[in-house]
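Peer 1: Right, I'll just put the structure down here and ask away after.
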Amino acid sequence: MLRLHVLGSMEAHAGGERVALGGPQQRAVLAMLLTARGSVVPAERITDRLWRHTPHHRARTGLQPLISHLRRALEPERPPRAPSKVLPSTPPGYAVRLPEDSVDAWRFEAAVRRARSDEPERAWRRLRDALSWWQGPAYCEWADHEWAVDEVARLDEMRLMARELLLRAGLEAGRFAEVVLSAETLVRDAPLREHAWFMLALALWAGGRQSDALGALRRARSVLMETVGVAPGPELVELEQSILRGEREVLHHAVPLPGRGGDGPRRRLGTRTDATPPHRRTPALQAWA
């Protein structure tokens, strides 16, 4: 089965062997088609991106050999002149036609979506597995190219959301120590993600480390004030007040604790299922809410 990897340097494998994808222009064409996630990319758009100052007729002539070479590389057993199933010509251009699990970025997106409806332990395992597919920045060879910027940003945001979902699943599965380790890494990598601080403090509190939980919330406040000049959102404030007042029942309803069996409604602190205030949520995060 053909597998394409774009979460890091782009690679292709078939039958356990690496597929040669050709030179920079040929690889760029495949990357452009993959960022479209199955939609048709007009040939003129591809040539404009590759040869911005070349007349259209000459650029179109240069594109055809690149497509042909890619087809031979990705479909070595395709009979001569048979229509391509992977890179079909679809007016006004070309598209990648592959199953969802053939491209790691597509498979990652599906895994995150499925994890949202999994029970906690299964979601934890699914998300840990999916996050391990990342071997570097998405489409790292073209991350600063105009045509790749939006898709790279979308996947980067999704990766951060998956890490936050992992924390939530870990809390609900009772994996408090593991959540603390993962959350500490996340707040180091993305210090402005309030939800990561929220889950870190909640995991520390659930693990019996009340003073450390308050310390994490103080760190969050300091980072937010010093970096962007804003105070923590209402859910971080509410969590801090609950810890200070010793409202353990709030914690019991937020995560299953030993001896409680997780019974009763699991009310999240605050009004949303994640702790990022609406006015601070990116378009990608809003789409997953």
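Following the order of the structure tokens, first chain is A, next is B, and so on, with residues numbered from 1 inside each chain and ligands from 1 in the order they appear.
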Find the residues around Arg114 of chain A up to 12 Å (only C-alpha atoms counted), leave out those fewer than 6 positions away in its own chain, and share them as a list in words.

Peer 2: Arg107, Phe108, Pro120, Arg122, Ala123, Trp124, Arg125, Arg126, Leu127, Ala130, Ala162, Leu165 and Trp288 of chain A

Peer 1: Restricting it to all heavy atoms, dump the selection as a compact mmCIF listing (two decimals), in the first residue's frame.

Peer 2:
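part35.txt, written as the output of this step:
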```
# COMPACT_ATOMS: atom_id res chain seq x y z
N ARG A 107 -4.66 11.01 8.05
CA ARG A 107 -4.91 9.99 9.06
C ARG A 107 -4.88 10.61 10.46
O ARG A 107 -5.66 10.23 11.33
CB ARG A 107 -3.86 8.89 8.93
CG ARG A 107 -4.16 7.62 9.70
CD ARG A 107 -3.29 6.47 9.23
NE ARG A 107 -1.90 6.56 9.66
CZ ARG A 107 -0.88 6.85 8.86
NH1 ARG A 107 -1.08 7.10 7.57
NH2 ARG A 107 0.35 6.90 9.32
N PHE A 108 -3.98 11.57 10.65
CA PHE A 108 -3.89 12.25 11.93
C PHE A 108 -5.18 13.01 12.23
O PHE A 108 -5.73 12.93 13.33
CB PHE A 108 -2.70 13.22 11.93
CG PHE A 108 -2.56 14.03 13.18
CD1 PHE A 108 -2.01 13.47 14.32
CD2 PHE A 108 -3.00 15.34 13.23
CE1 PHE A 108 -1.90 14.21 15.50
CE2 PHE A 108 -2.88 16.09 14.39
CZ PHE A 108 -2.33 15.51 15.53
N PRO A 120 -12.15 7.45 27.60
CA PRO A 120 -10.87 8.11 27.92
C PRO A 120 -9.62 7.28 27.66
O PRO A 120 -8.67 7.77 27.05
CB PRO A 120 -11.02 8.45 29.41
CG PRO A 120 -12.48 8.63 29.59
CD PRO A 120 -13.13 7.62 28.70
N ARG A 122 -9.08 4.72 25.70
CA ARG A 122 -8.86 4.50 24.27
C ARG A 122 -8.45 5.79 23.59
O ARG A 122 -7.59 5.78 22.70
CB ARG A 122 -10.13 3.94 23.63
CG ARG A 122 -9.96 3.58 22.17
CD ARG A 122 -11.18 2.89 21.61
NE ARG A 122 -11.00 2.52 20.22
CZ ARG A 122 -11.92 1.91 19.48
NH1 ARG A 122 -13.10 1.58 20.03
NH2 ARG A 122 -11.68 1.61 18.22
N ALA A 123 -9.05 6.91 23.98
CA ALA A 123 -8.65 8.19 23.41
C ALA A 123 -7.20 8.50 23.72
O ALA A 123 -6.46 9.00 22.87
CB ALA A 123 -9.57 9.30 23.95
N TRP A 124 -6.78 8.21 24.95
CA TRP A 124 -5.38 8.42 25.34
C TRP A 124 -4.44 7.64 24.43
O TRP A 124 -3.48 8.19 23.89
CB TRP A 124 -5.19 8.01 26.80
CG TRP A 124 -3.77 7.96 27.26
CD1 TRP A 124 -2.94 6.89 27.23
CD2 TRP A 124 -3.01 9.04 27.83
NE1 TRP A 124 -1.71 7.22 27.74
CE2 TRP A 124 -1.72 8.53 28.11
CE3 TRP A 124 -3.28 10.36 28.13
CZ2 TRP A 124 -0.72 9.31 28.67
CZ3 TRP A 124 -2.29 11.14 28.69
CH2 TRP A 124 -1.02 10.62 28.96
N ARG A 125 -4.74 6.38 24.22
CA ARG A 125 -3.87 5.53 23.39
C ARG A 125 -3.90 6.00 21.93
O ARG A 125 -2.86 6.04 21.27
CB ARG A 125 -4.29 4.07 23.48
CG ARG A 125 -4.06 3.46 24.86
CD ARG A 125 -4.16 1.94 24.79
NE ARG A 125 -5.47 1.50 24.34
CZ ARG A 125 -6.49 1.21 25.13
NH1 ARG A 125 -6.36 1.35 26.44
NH2 ARG A 125 -7.65 0.81 24.63
N ARG A 126 -5.08 6.34 21.44
CA ARG A 126 -5.20 6.77 20.04
C ARG A 126 -4.40 8.06 19.81
O ARG A 126 -3.69 8.20 18.80
CB ARG A 126 -6.66 6.98 19.68
CG ARG A 126 -6.86 7.22 18.17
CD ARG A 126 -8.27 7.69 17.85
NE ARG A 126 -9.30 6.72 18.17
CZ ARG A 126 -9.67 5.72 17.36
NH1 ARG A 126 -9.04 5.55 16.21
NH2 ARG A 126 -10.64 4.90 17.72
N LEU A 127 -4.53 9.01 20.72
CA LEU A 127 -3.86 10.29 20.55
C LEU A 127 -2.35 10.16 20.72
O LEU A 127 -1.57 10.81 19.99
CB LEU A 127 -4.43 11.31 21.53
CG LEU A 127 -5.85 11.76 21.22
CD1 LEU A 127 -6.46 12.49 22.41
CD2 LEU A 127 -5.88 12.66 19.98
N ALA A 130 -1.18 8.78 17.44
CA ALA A 130 -1.27 9.75 16.35
C ALA A 130 -0.19 10.84 16.48
O ALA A 130 0.40 11.25 15.48
CB ALA A 130 -2.66 10.38 16.33
N ALA A 162 -4.64 18.39 19.63
CA ALA A 162 -4.53 16.96 19.95
C ALA A 162 -3.77 16.76 21.25
O ALA A 162 -4.12 15.89 22.06
CB ALA A 162 -3.83 16.23 18.81
N LEU A 165 -6.22 17.56 23.94
CA LEU A 165 -7.18 16.47 24.08
C LEU A 165 -6.53 15.28 24.79
O LEU A 165 -7.19 14.58 25.56
CB LEU A 165 -7.68 16.03 22.70
CG LEU A 165 -8.69 16.95 22.02
CD1 LEU A 165 -8.93 16.48 20.58
CD2 LEU A 165 -10.00 16.98 22.79
N TRP A 288 -13.07 22.98 15.77
CA TRP A 288 -13.03 21.70 16.48
C TRP A 288 -13.81 21.75 17.79
O TRP A 288 -13.91 20.75 18.48
CB TRP A 288 -11.59 21.30 16.76
CG TRP A 288 -10.95 20.72 15.57
CD1 TRP A 288 -10.32 21.37 14.56
CD2 TRP A 288 -10.91 19.34 15.21
NE1 TRP A 288 -9.88 20.50 13.62
CE2 TRP A 288 -10.23 19.26 14.00
CE3 TRP A 288 -11.37 18.18 15.81
CZ2 TRP A 288 -10.00 18.05 13.35
CZ3 TRP A 288 -11.15 16.97 15.17
CH2 TRP A 288 -10.47 16.91 13.97
```

Peer 1: Would you please extract all strand (DSSP E) residues from segment 21-105 of chain A, as assigned by DSSP on the backbone, and give them as an mmCIF file with C-alpha atoms, in the first residue's frame?

Peer 2:
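Wrote it out as states-v3.cif, contents follow:
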```
data_model
loop_
_atom_site.group_PDB
_atom_site.id
_atom_site.type_symbol
_atom_site.label_atom_id
_atom_site.label_comp_id
_atom_site.auth_asym_id
_atom_site.auth_seq_id
_atom_site.Cartn_x
_atom_site.Cartn_y
_atom_site.Cartn_z
ATOM 1 C CA VAL A 41 -5.707 22.137 -8.057
ATOM 2 C CA PRO A 42 -5.853 24.018 -11.384
ATOM 3 C CA SER A 89 -6.143 14.605 -14.705
ATOM 4 C CA THR A 90 -9.280 16.355 -13.513
ATOM 5 C CA GLY A 93 -5.952 20.478 -13.220
ATOM 6 C CA TYR A 94 -4.924 17.561 -11.039
#
```

Peer 1: Please determine, counting only C-alpha atoms, which residue among A:Ala82, A:Ala183, A:Leu7, A:Ala20 has the shortest atom-to-atom distance to Leu131 of chain A.

Peer 2: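 Distance minimum relative to Leu131 of chain A lands on A:Leu7.
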
Peer 1: Just checking: using only C-alpha atoms, which residue out of A:Glu240, A:Glu141, A:Glu157, A:Glu249 ends up closest to Ser9 of chain A?

Peer 2: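 When distances to Ser9 of chain A are compared using only C-alpha atoms, the smallest one comes from A:Glu141.
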
Peer 1: For each of A:Ala173, A:Val40, A:Ala14, A:Leu200, take the minimum atom-to-atom distance to Glu77 of chain A, counting only C-alpha atoms, then give the residue where this is smallest.

Peer 2: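 When distances to Glu77 of chain A are compared using only C-alpha atoms, the smallest one comes from A:Ala14.
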
Peer 1: Just give me the gap between atom CA of His253 of chain A and atom CA of Glu172 of chain A in Å, one decimal is fine.

Peer 2: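 So the two atoms, atom CA of His253 of chain A and atom CA of Glu172 of chain A, lie 10.4 Å apart.
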